[in-house]
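Below: work-v2.tsv (TSV, N, CA and C atoms)
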chain	number	residue	atom	x	y	z
A	176	MET	N	115.37	-156.50	-73.75
A	176	MET	CA	115.24	-157.42	-74.84
A	176	MET	C	116.02	-158.68	-74.50
A	177	ILE	N	115.45	-159.83	-74.76
A	177	ILE	CA	116.10	-161.11	-74.47
A	177	ILE	C	116.36	-161.83	-75.79
A	178	ASP	N	117.52	-162.48	-75.86
A	178	ASP	CA	117.90	-163.21	-77.06
A	178	ASP	C	118.65	-164.47	-76.64
A	179	ILE	N	118.86	-165.37	-77.57
A	179	ILE	CA	119.65	-166.57	-77.30
A	179	ILE	C	121.12	-166.17	-77.26
A	180	ALA	N	121.87	-166.69	-76.28
A	180	ALA	CA	123.29	-166.40	-76.16
A	180	ALA	C	124.05	-167.12	-77.26
A	181	LEU	N	124.83	-166.37	-78.02
A	181	LEU	CA	125.61	-166.96	-79.10
A	181	LEU	C	126.84	-166.09	-79.36
A	182	GLU	N	128.00	-166.61	-79.04
A	182	GLU	CA	129.24	-165.91	-79.32
A	182	GLU	C	129.58	-166.09	-80.79
A	183	TRP	N	130.15	-165.05	-81.40
A	183	TRP	CA	130.51	-165.12	-82.81
A	183	TRP	C	131.49	-166.27	-83.00
A	184	ALA	N	131.28	-167.08	-84.03
A	184	ALA	CA	132.11	-168.23	-84.37
A	184	ALA	C	132.06	-169.29	-83.28
A	185	GLY	N	131.06	-169.22	-82.42
A	185	GLY	CA	130.90	-170.22	-81.37
A	185	GLY	C	129.65	-171.03	-81.59
A	186	ASP	N	129.13	-171.56	-80.53
A	186	ASP	CA	127.93	-172.38	-80.60
A	186	ASP	C	126.97	-171.95	-79.50
A	187	PHE	N	125.78	-172.51	-79.51
A	187	PHE	CA	124.82	-172.22	-78.47
A	187	PHE	C	125.32	-172.75	-77.14
A	188	SER	N	124.89	-172.13	-76.05
A	188	SER	CA	125.25	-172.55	-74.70
A	188	SER	C	123.99	-173.04	-73.99
A	189	VAL	N	124.22	-173.90	-73.01
A	189	VAL	CA	123.11	-174.42	-72.21
A	189	VAL	C	123.01	-173.57	-70.95
A	190	GLY	N	121.79	-173.13	-70.64
A	190	GLY	CA	121.55	-172.33	-69.45
A	190	GLY	C	121.44	-173.20	-68.21
A	191	SER	N	121.21	-172.56	-67.07
A	191	SER	CA	121.15	-173.26	-65.79
A	191	SER	C	119.96	-174.21	-65.69
A	192	THR	N	118.93	-174.00	-66.51
A	192	THR	CA	117.74	-174.87	-66.46
A	192	THR	C	117.80	-175.99	-67.49
A	193	GLY	N	118.87	-176.04	-68.27
A	193	GLY	CA	119.00	-177.06	-69.31
A	193	GLY	C	118.52	-176.61	-70.67
A	194	ASP	N	117.89	-175.45	-70.73
A	194	ASP	CA	117.47	-174.86	-72.01
A	194	ASP	C	118.63	-174.07	-72.59
A	195	LEU	N	118.37	-173.47	-73.74
A	195	LEU	CA	119.39	-172.60	-74.32
A	195	LEU	C	119.64	-171.40	-73.40
A	196	ALA	N	120.90	-171.02	-73.25
A	196	ALA	CA	121.25	-169.86	-72.44
A	196	ALA	C	120.74	-168.60	-73.13
A	197	LEU	N	120.35	-167.64	-72.33
A	197	LEU	CA	119.81	-166.38	-72.84
A	197	LEU	C	120.68	-165.21	-72.39
A	198	VAL	N	120.61	-164.12	-73.15
A	198	VAL	CA	121.25	-162.86	-72.75
A	198	VAL	C	120.20	-161.77	-72.82
A	199	SER	N	120.47	-160.67	-72.15
A	199	SER	CA	119.53	-159.55	-72.19
A	199	SER	C	120.30	-158.24	-72.13
A	200	ASP	N	119.57	-157.16	-72.37
A	200	ASP	CA	120.09	-155.79	-72.27
A	200	ASP	C	121.34	-155.59	-73.12
A	201	SER	N	122.41	-155.05	-72.54
A	201	SER	CA	123.58	-154.69	-73.34
A	201	SER	C	124.28	-155.90	-73.94
A	202	ASP	N	124.14	-157.09	-73.33
A	202	ASP	CA	124.74	-158.29	-73.92
A	202	ASP	C	124.04	-158.63	-75.25
A	203	THR	N	122.73	-158.43	-75.29
A	203	THR	CA	122.00	-158.65	-76.54
A	203	THR	C	122.46	-157.67	-77.61
A	204	THR	N	122.60	-156.41	-77.22
A	204	THR	CA	123.03	-155.39	-78.17
A	204	THR	C	124.44	-155.68	-78.67
A	205	ASN	N	125.34	-156.08	-77.77
A	205	ASN	CA	126.70	-156.43	-78.20
A	205	ASN	C	126.69	-157.56	-79.22
A	206	GLN	N	125.86	-158.58	-78.99
A	206	GLN	CA	125.75	-159.67	-79.96
A	206	GLN	C	125.27	-159.16	-81.30
A	207	ARG	N	124.29	-158.27	-81.28
A	207	ARG	CA	123.75	-157.73	-82.53
A	207	ARG	C	124.80	-156.90	-83.26
A	208	VAL	N	125.56	-156.09	-82.52
A	208	VAL	CA	126.59	-155.25	-83.13
A	208	VAL	C	127.69	-156.13	-83.73
A	209	CYS	N	128.15	-157.12	-82.98
A	209	CYS	CA	129.19	-158.02	-83.50
A	209	CYS	C	128.72	-158.74	-84.75
A	210	ARG	N	127.48	-159.26	-84.73
A	210	ARG	CA	126.95	-159.95	-85.90
A	210	ARG	C	126.92	-159.00	-87.10
A	211	ARG	N	126.47	-157.77	-86.89
A	211	ARG	CA	126.39	-156.80	-87.98
A	211	ARG	C	127.77	-156.47	-88.53
A	212	LEU	N	128.74	-156.22	-87.65
A	212	LEU	CA	130.08	-155.84	-88.10
A	212	LEU	C	130.80	-156.97	-88.82
A	213	LEU	N	130.58	-158.20	-88.39
A	213	LEU	CA	131.35	-159.32	-88.92
A	213	LEU	C	130.66	-160.06	-90.06
A	214	THR	N	129.36	-159.83	-90.28
A	214	THR	CA	128.65	-160.47	-91.39
A	214	THR	C	129.03	-159.78	-92.70
A	215	ASN	N	129.36	-160.58	-93.70
A	215	ASN	CA	129.68	-160.03	-95.01
A	215	ASN	C	128.39	-159.64	-95.74
A	216	PRO	N	128.38	-158.47	-96.38
A	216	PRO	CA	127.21	-158.12	-97.19
A	216	PRO	C	126.94	-159.23	-98.21
A	217	GLY	N	125.68	-159.62	-98.32
A	217	GLY	CA	125.30	-160.68	-99.24
A	217	GLY	C	125.19	-162.05	-98.59
A	218	ASP	N	125.73	-162.21	-97.37
A	218	ASP	CA	125.70	-163.51	-96.70
A	218	ASP	C	124.41	-163.77	-95.92
A	219	TYR	N	123.68	-162.74	-95.56
A	219	TYR	CA	122.44	-162.89	-94.80
A	219	TYR	C	121.30	-162.92	-95.82
A	220	LEU	N	120.75	-164.10	-96.06
A	220	LEU	CA	119.82	-164.31	-97.17
A	220	LEU	C	118.56	-163.48	-97.12
A	221	TRP	N	118.13	-163.07	-95.93
A	221	TRP	CA	116.89	-162.32	-95.81
A	221	TRP	C	117.11	-160.82	-95.98
A	222	ARG	N	118.35	-160.38	-95.90
A	222	ARG	CA	118.70	-158.96	-96.15
A	222	ARG	C	120.09	-158.93	-96.75
A	223	LEU	N	120.18	-158.96	-98.04
A	223	LEU	CA	121.47	-159.07	-98.71
A	223	LEU	C	122.36	-157.84	-98.52
A	224	ASP	N	121.77	-156.71	-98.11
A	224	ASP	CA	122.58	-155.51	-97.88
A	224	ASP	C	123.06	-155.40	-96.44
A	225	TYR	N	122.74	-156.40	-95.60
A	225	TYR	CA	123.08	-156.38	-94.18
A	225	TYR	C	124.54	-156.76	-93.97
A	226	GLY	N	125.23	-156.05	-93.09
A	226	GLY	CA	126.57	-156.45	-92.65
A	226	GLY	C	127.67	-155.50	-93.07
A	227	GLY	N	128.67	-155.42	-92.20
A	227	GLY	CA	129.82	-154.56	-92.44
A	227	GLY	C	131.00	-155.26	-93.09
A	228	GLY	N	131.08	-156.58	-92.94
A	228	GLY	CA	132.14	-157.33	-93.59
A	228	GLY	C	133.55	-156.96	-93.15
A	229	LEU	N	133.74	-156.75	-91.85
A	229	LEU	CA	135.07	-156.36	-91.38
A	229	LEU	C	136.15	-157.37	-91.75
A	230	ALA	N	135.77	-158.60	-92.00
A	230	ALA	CA	136.76	-159.63	-92.36
A	230	ALA	C	137.49	-159.29	-93.65
A	231	ARG	N	136.92	-158.44	-94.48
A	231	ARG	CA	137.59	-158.09	-95.74
A	231	ARG	C	138.90	-157.34	-95.51
A	232	PHE	N	139.10	-156.82	-94.30
A	232	PHE	CA	140.33	-156.11	-93.99
A	232	PHE	C	141.46	-157.05	-93.60
A	233	VAL	N	141.13	-158.31	-93.34
A	233	VAL	CA	142.15	-159.29	-92.96
A	233	VAL	C	143.03	-159.58	-94.17
A	234	GLY	N	144.33	-159.52	-93.98
A	234	GLY	CA	145.28	-159.81	-95.05
A	234	GLY	C	145.57	-158.64	-95.96
A	235	THR	N	145.06	-157.47	-95.63
A	235	THR	CA	145.34	-156.28	-96.41
A	235	THR	C	146.02	-155.25	-95.51
A	236	PRO	N	146.75	-154.31	-96.11
A	236	PRO	CA	147.34	-153.25	-95.26
A	236	PRO	C	146.22	-152.51	-94.52
A	237	ALA	N	146.36	-152.41	-93.23
A	237	ALA	CA	145.31	-151.82	-92.39
A	237	ALA	C	145.27	-150.31	-92.53
A	238	GLU	N	144.09	-149.80	-92.79
A	238	GLU	CA	143.83	-148.37	-92.81
A	238	GLU	C	142.79	-148.09	-91.73
A	239	PRO	N	143.22	-147.61	-90.56
A	239	PRO	CA	142.28	-147.38	-89.46
A	239	PRO	C	141.07	-146.54	-89.85
A	240	ALA	N	141.26	-145.54	-90.68
A	240	ALA	CA	140.14	-144.67	-91.07
A	240	ALA	C	139.07	-145.46	-91.83
A	241	ASP	N	139.48	-146.43	-92.66
A	241	ASP	CA	138.51	-147.25	-93.39
A	241	ASP	C	137.71	-148.13	-92.44
A	242	ILE	N	138.40	-148.72	-91.46
A	242	ILE	CA	137.73	-149.57	-90.48
A	242	ILE	C	136.76	-148.74	-89.65
A	243	GLU	N	137.20	-147.56	-89.21
A	243	GLU	CA	136.33	-146.68	-88.42
A	243	GLU	C	135.09	-146.30	-89.22
A	244	SER	N	135.25	-146.03	-90.50
A	244	SER	CA	134.12	-145.64	-91.34
A	244	SER	C	133.08	-146.77	-91.44
A	245	VAL	N	133.55	-147.99	-91.65
A	245	VAL	CA	132.63	-149.13	-91.73
A	245	VAL	C	131.89	-149.29	-90.41
A	246	VAL	N	132.61	-149.21	-89.30
A	246	VAL	CA	131.99	-149.39	-87.98
A	246	VAL	C	130.94	-148.31	-87.74
A	247	ARG	N	131.27	-147.05	-88.00
A	247	ARG	CA	130.32	-145.96	-87.78
A	247	ARG	C	129.06	-146.14	-88.64
A	248	THR	N	129.25	-146.49	-89.89
A	248	THR	CA	128.13	-146.68	-90.81
A	248	THR	C	127.21	-147.79	-90.31
A	249	GLN	N	127.80	-148.90	-89.89
A	249	GLN	CA	126.99	-150.03	-89.43
A	249	GLN	C	126.30	-149.73	-88.10
A	250	LEU	N	126.97	-149.02	-87.20
A	250	LEU	CA	126.33	-148.66	-85.93
A	250	LEU	C	125.12	-147.77	-86.16
A	251	ALA	N	125.21	-146.89	-87.16
A	251	ALA	CA	124.08	-146.01	-87.47
A	251	ALA	C	122.87	-146.80	-87.98
A	252	LEU	N	123.11	-147.97	-88.54
A	252	LEU	CA	122.03	-148.80	-89.07
A	252	LEU	C	121.43	-149.75	-88.03
A	253	GLU	N	122.09	-149.88	-86.89
A	253	GLU	CA	121.64	-150.83	-85.85
A	253	GLU	C	120.64	-150.14	-84.93
A	254	SER	N	119.42	-150.66	-84.89
A	254	SER	CA	118.36	-150.03	-84.10
A	254	SER	C	118.61	-150.09	-82.60
A	255	ALA	N	119.43	-151.00	-82.14
A	255	ALA	CA	119.71	-151.14	-80.71
A	255	ALA	C	120.76	-150.14	-80.22
A	256	VAL	N	121.39	-149.42	-81.15
A	256	VAL	CA	122.42	-148.43	-80.80
A	256	VAL	C	121.81	-147.04	-80.90
A	257	ALA	N	121.90	-146.27	-79.82
A	257	ALA	CA	121.35	-144.92	-79.81
A	257	ALA	C	122.15	-144.00	-80.73
A	258	ALA	N	121.44	-143.12	-81.43
A	258	ALA	CA	122.11	-142.16	-82.31
A	258	ALA	C	122.73	-141.02	-81.52
A	259	SER	N	122.17	-140.74	-80.34
A	259	SER	CA	122.68	-139.65	-79.52
A	259	SER	C	122.85	-140.15	-78.09
A	260	PRO	N	124.01	-140.00	-77.52
A	260	PRO	CA	125.22	-139.43	-78.12
A	260	PRO	C	125.77	-140.35	-79.21
A	261	ALA	N	126.45	-139.73	-80.15
A	261	ALA	CA	127.01	-140.48	-81.27
A	261	ALA	C	128.04	-141.49	-80.77
A	262	PRO	N	128.04	-142.69	-81.36
A	262	PRO	CA	129.05	-143.69	-80.99
A	262	PRO	C	130.46	-143.15	-81.23
A	263	GLN	N	131.37	-143.53	-80.38
A	263	GLN	CA	132.79	-143.17	-80.51
A	263	GLN	C	133.54	-144.39	-81.02
A	264	VAL	N	134.29	-144.22	-82.10
A	264	VAL	CA	135.01	-145.34	-82.71
A	264	VAL	C	136.45	-144.91	-82.97
A	265	SER	N	137.39	-145.73	-82.55
A	265	SER	CA	138.79	-145.49	-82.89
A	265	SER	C	139.45	-146.82	-83.20
A	266	ALA	N	140.12	-146.87	-84.33
A	266	ALA	CA	140.85	-148.08	-84.73
A	266	ALA	C	142.32	-147.73	-84.75
A	267	SER	N	143.14	-148.67	-84.33
A	267	SER	CA	144.59	-148.43	-84.35
A	267	SER	C	145.33	-149.71	-84.70
A	268	VAL	N	146.40	-149.52	-85.44
A	268	VAL	CA	147.26	-150.63	-85.81
A	268	VAL	C	148.21	-150.86	-84.65
A	269	ILE	N	148.13	-152.04	-84.06
A	269	ILE	CA	148.97	-152.38	-82.91
A	269	ILE	C	150.27	-153.01	-83.36
A	270	ASP	N	150.21	-153.85	-84.40
A	270	ASP	CA	151.38	-154.55	-84.91
A	270	ASP	C	151.23	-154.66	-86.43
A	271	ALA	N	151.81	-153.69	-87.16
A	271	ALA	CA	151.64	-153.63	-88.61
A	271	ALA	C	152.24	-154.85	-89.31
A	272	ALA	N	153.36	-155.37	-88.80
A	272	ALA	CA	154.02	-156.51	-89.44
A	272	ALA	C	153.13	-157.75	-89.44
A	273	ASN	N	152.33	-157.90	-88.41
A	273	ASN	CA	151.45	-159.07	-88.31
A	273	ASN	C	149.99	-158.73	-88.57
A	274	GLY	N	149.70	-157.49	-88.93
A	274	GLY	CA	148.34	-157.08	-89.27
A	274	GLY	C	147.39	-157.05	-88.10
A	275	TYR	N	147.89	-156.71	-86.92
A	275	TYR	CA	147.06	-156.70	-85.72
A	275	TYR	C	146.43	-155.32	-85.54
A	276	VAL	N	145.10	-155.27	-85.60
A	276	VAL	CA	144.35	-154.02	-85.49
A	276	VAL	C	143.31	-154.16	-84.38
A	277	VAL	N	143.12	-153.09	-83.62
A	277	VAL	CA	142.10	-153.07	-82.57
A	277	VAL	C	141.17	-151.89	-82.83
A	278	ALA	N	139.86	-152.16	-82.77
A	278	ALA	CA	138.86	-151.10	-82.86
A	278	ALA	C	138.18	-150.99	-81.50
A	279	ASN	N	138.23	-149.81	-80.92
A	279	ASN	CA	137.55	-149.53	-79.66
A	279	ASN	C	136.27	-148.77	-79.97
A	280	ILE	N	135.16	-149.31	-79.49
A	280	ILE	CA	133.84	-148.77	-79.81
A	280	ILE	C	133.10	-148.49	-78.51
A	281	THR	N	132.57	-147.29	-78.39
A	281	THR	CA	131.71	-146.95	-77.26
A	281	THR	C	130.41	-146.39	-77.83
A	282	TYR	N	129.30	-146.97	-77.41
A	282	TYR	CA	127.99	-146.52	-77.88
A	282	TYR	C	127.00	-146.59	-76.74
A	283	SER	N	125.85	-145.95	-76.93
A	283	SER	CA	124.77	-146.02	-75.94
A	283	SER	C	123.75	-147.05	-76.39
A	284	ASP	N	123.40	-147.93	-75.47
A	284	ASP	CA	122.42	-148.98	-75.72
A	284	ASP	C	121.02	-148.38	-75.58
A	285	VAL	N	120.17	-148.56	-76.58
A	285	VAL	CA	118.82	-148.02	-76.55
A	285	VAL	C	118.02	-148.59	-75.38
A	286	SER	N	118.15	-149.89	-75.12
A	286	SER	CA	117.32	-150.52	-74.08
A	286	SER	C	117.71	-150.08	-72.67
A	287	SER	N	119.00	-149.91	-72.40
A	287	SER	CA	119.42	-149.53	-71.05
A	287	SER	C	119.73	-148.05	-70.93
A	288	GLY	N	120.05	-147.41	-72.06
A	288	GLY	CA	120.42	-146.00	-72.03
A	288	GLY	C	121.85	-145.77	-71.58
A	289	GLY	N	122.51	-146.83	-71.17
A	289	GLY	CA	123.87	-146.70	-70.66
A	289	GLY	C	124.93	-146.90	-71.73
A	290	PRO	N	126.14	-146.45	-71.44
A	290	PRO	CA	127.23	-146.63	-72.39
A	290	PRO	C	127.72	-148.08	-72.39
A	291	VAL	N	128.14	-148.54	-73.55
A	291	VAL	CA	128.66	-149.90	-73.72
A	291	VAL	C	130.00	-149.80	-74.41
A	292	GLN	N	130.98	-150.50	-73.90
A	292	GLN	CA	132.32	-150.55	-74.50
A	292	GLN	C	132.48	-151.90	-75.20
A	293	LEU	N	132.94	-151.87	-76.44
A	293	LEU	CA	133.17	-153.08	-77.22
A	293	LEU	C	134.51	-152.94	-77.92
A	294	ASN	N	135.35	-153.95	-77.79
A	294	ASN	CA	136.65	-153.96	-78.47
A	294	ASN	C	136.67	-155.11	-79.46
A	295	VAL	N	137.01	-154.80	-80.70
A	295	VAL	CA	137.10	-155.80	-81.76
A	295	VAL	C	138.53	-155.82	-82.23
A	296	SER	N	139.13	-157.01	-82.27
A	296	SER	CA	140.53	-157.10	-82.70
A	296	SER	C	140.68	-158.15	-83.79
A	297	SER	N	141.70	-157.98	-84.60
A	297	SER	CA	142.03	-158.95	-85.63
A	297	SER	C	143.54	-159.09	-85.69
A	298	GLY	N	143.96	-160.17	-86.25
A	298	GLY	CA	145.40	-160.35	-86.42
A	298	GLY	C	145.87	-161.66	-85.92
structure tokens encoding of this file:
Amino acid sequence: MIDIALEWAGDFSVGSTGDLALVSDSDTTNQRVCRRLLTNPGDYLWRLDYGGGLARFVGTPAEPADIESVVRTQLALESAVAASPAPQVSASVIDAANGYVVANITYSDVSSGGPVQLNVSSG
């Protein structure tokens, strides 16, 4: 699967031919997973129930189990993520005083069949 390259909170990139840069395979899936996890429910006008809204955990006491639950639920809804083997998710508080949390996510990409590692951090 091919998609336009777009980093979260970034902008479009120019490819080697002067057109928009493209991504494929696991890079496309990573973009989709990040968009799903970081989009607030209600913000995507065409599907108001879309998104995990991980940003809601910023500025609150971190509960790793709550973050893991949101990530697992959203991964189950993403068609690009294989259901089997089940995604592995672990969140840990690295620096409680400053609210620094890291979520380590490993899932299988439907298009490639291979494992993909994604780390999401806040703080």
Gap from CA of Gly288 in chain A to CA of Asp224 in chain A - Å, one decimal
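So the answer is 27.6 Å.
Neighbours of Ser265 in chain A closer than or equal to 6 Å, with all atoms listed in the file counted and sequence neighbours fewer than 5 positions away skipped, come out as Val277, Ala278, Asn279 and Ile280 of chain A.
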Going by DSSP on the backbone, which bits of chain A are helix (DSSP H, G or I)? Write them as a PyMOL selection string, please.
chain A and resi 201-213+229-232+239-252+271-273
Can you work out which one of A:Ala230, A:Leu220, A:Val285, A:Leu212 has the shortest atom-to-atom distance to Arg247 in chain A, counting only C-alpha atoms?
A:Leu212
DSSP strand (DSSP E) residues within range 202-274 of chain A, as number ranges by chain
A: 263-270
Atomic separation - CA of Val276 in chain A relative to atom C of Gln249 in chain A, Å:
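So the two atoms, atom C of Gln249 in chain A and CA of Val276 in chain A, lie 18.7 Å apart.
Nearest residue to Arg211 in chain A among A:Glu253, A:Asp241, A:Ser188, A:Gly193 is A:Glu253, counting only C-alpha atoms.
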Expressed in Å to a single decimal, how great is the separation between atom N of Tyr282 in chain A and atom N of Leu250 in chain A?
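Interatomic distance, atom N of Tyr282 in chain A to atom N of Leu250 in chain A: 10.3 Å.
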So which residues touch Ala237 in chain A within 9 Å, counting only C-alpha atoms, skipping near sequence neighbours fewer than 4 positions away, as a list of chain:residue names?
A:Phe232, A:Val233, A:Asp241, A:Ile242, A:Ser267, A:Val268, A:Ala271, A:Gly274, A:Tyr275, A:Val276
Could you take the residues named above and write them with N, CA and C atoms, as a short mmCIF file (atom, residue, chain, number, x, y, z; two decimals), keeping the file's coordinate frame?
data_model
loop_
_atom_site.label_atom_id
_atom_site.label_comp_id
_atom_site.auth_asym_id
_atom_site.auth_seq_id
_atom_site.Cartn_x
_atom_site.Cartn_y
_atom_site.Cartn_z
N PHE A 232 139.10 -156.82 -94.30
CA PHE A 232 140.33 -156.11 -93.99
C PHE A 232 141.46 -157.05 -93.60
N VAL A 233 141.13 -158.31 -93.34
CA VAL A 233 142.15 -159.29 -92.96
C VAL A 233 143.03 -159.58 -94.17
N ASP A 241 139.48 -146.43 -92.66
CA ASP A 241 138.51 -147.25 -93.39
C ASP A 241 137.71 -148.13 -92.44
N ILE A 242 138.40 -148.72 -91.46
CA ILE A 242 137.73 -149.57 -90.48
C ILE A 242 136.76 -148.74 -89.65
N SER A 267 143.14 -148.67 -84.33
CA SER A 267 144.59 -148.43 -84.35
C SER A 267 145.33 -149.71 -84.70
N VAL A 268 146.40 -149.52 -85.44
CA VAL A 268 147.26 -150.63 -85.81
C VAL A 268 148.21 -150.86 -84.65
N ALA A 271 151.81 -153.69 -87.16
CA ALA A 271 151.64 -153.63 -88.61
C ALA A 271 152.24 -154.85 -89.31
N GLY A 274 149.70 -157.49 -88.93
CA GLY A 274 148.34 -157.08 -89.27
C GLY A 274 147.39 -157.05 -88.10
N TYR A 275 147.89 -156.71 -86.92
CA TYR A 275 147.06 -156.70 -85.72
C TYR A 275 146.43 -155.32 -85.54
N VAL A 276 145.10 -155.27 -85.60
CA VAL A 276 144.35 -154.02 -85.49
C VAL A 276 143.31 -154.16 -84.38
#
Within 8 Å of Val246 in chain A, counting all atoms listed in the file, which residues qualify if same-chain residues fewer than 5 places away don't, as a compact mmCIF listing (two decimals) with N, CA and C atoms, in the frame of the given file?
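Result written to around_35.txt:
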# COMPACT_ATOMS: atom_id res chain seq x y z
N LEU A 212 128.74 -156.22 -87.65
CA LEU A 212 130.08 -155.84 -88.10
C LEU A 212 130.80 -156.97 -88.82
N GLY A 227 128.67 -155.42 -92.20
CA GLY A 227 129.82 -154.56 -92.44
C GLY A 227 131.00 -155.26 -93.09
N LEU A 229 133.74 -156.75 -91.85
CA LEU A 229 135.07 -156.36 -91.38
C LEU A 229 136.15 -157.37 -91.75
N ALA A 240 141.26 -145.54 -90.68
CA ALA A 240 140.14 -144.67 -91.07
C ALA A 240 139.07 -145.46 -91.83
N ASP A 241 139.48 -146.43 -92.66
CA ASP A 241 138.51 -147.25 -93.39
C ASP A 241 137.71 -148.13 -92.44
N ALA A 251 125.21 -146.89 -87.16
CA ALA A 251 124.08 -146.01 -87.47
C ALA A 251 122.87 -146.80 -87.98
N LEU A 252 123.11 -147.97 -88.54
CA LEU A 252 122.03 -148.80 -89.07
C LEU A 252 121.43 -149.75 -88.03
N VAL A 264 134.29 -144.22 -82.10
CA VAL A 264 135.01 -145.34 -82.71
C VAL A 264 136.45 -144.91 -82.97
Would you mind telling me which residue in A:Pro260, A:Thr204, A:Asn273, A:Ala255 lies nearest to Gly234 in chain A when using all atoms listed in the file?
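The shortest atom-to-atom distance to Gly234 in chain A comes from A:Asn273.
Among the candidate residues A:Ser296, A:Ser244, A:Thr214, A:Gln263, the one lying nearest to Ser283 in chain A is A:Gln263, with distances computed using only N, CA and C atoms.
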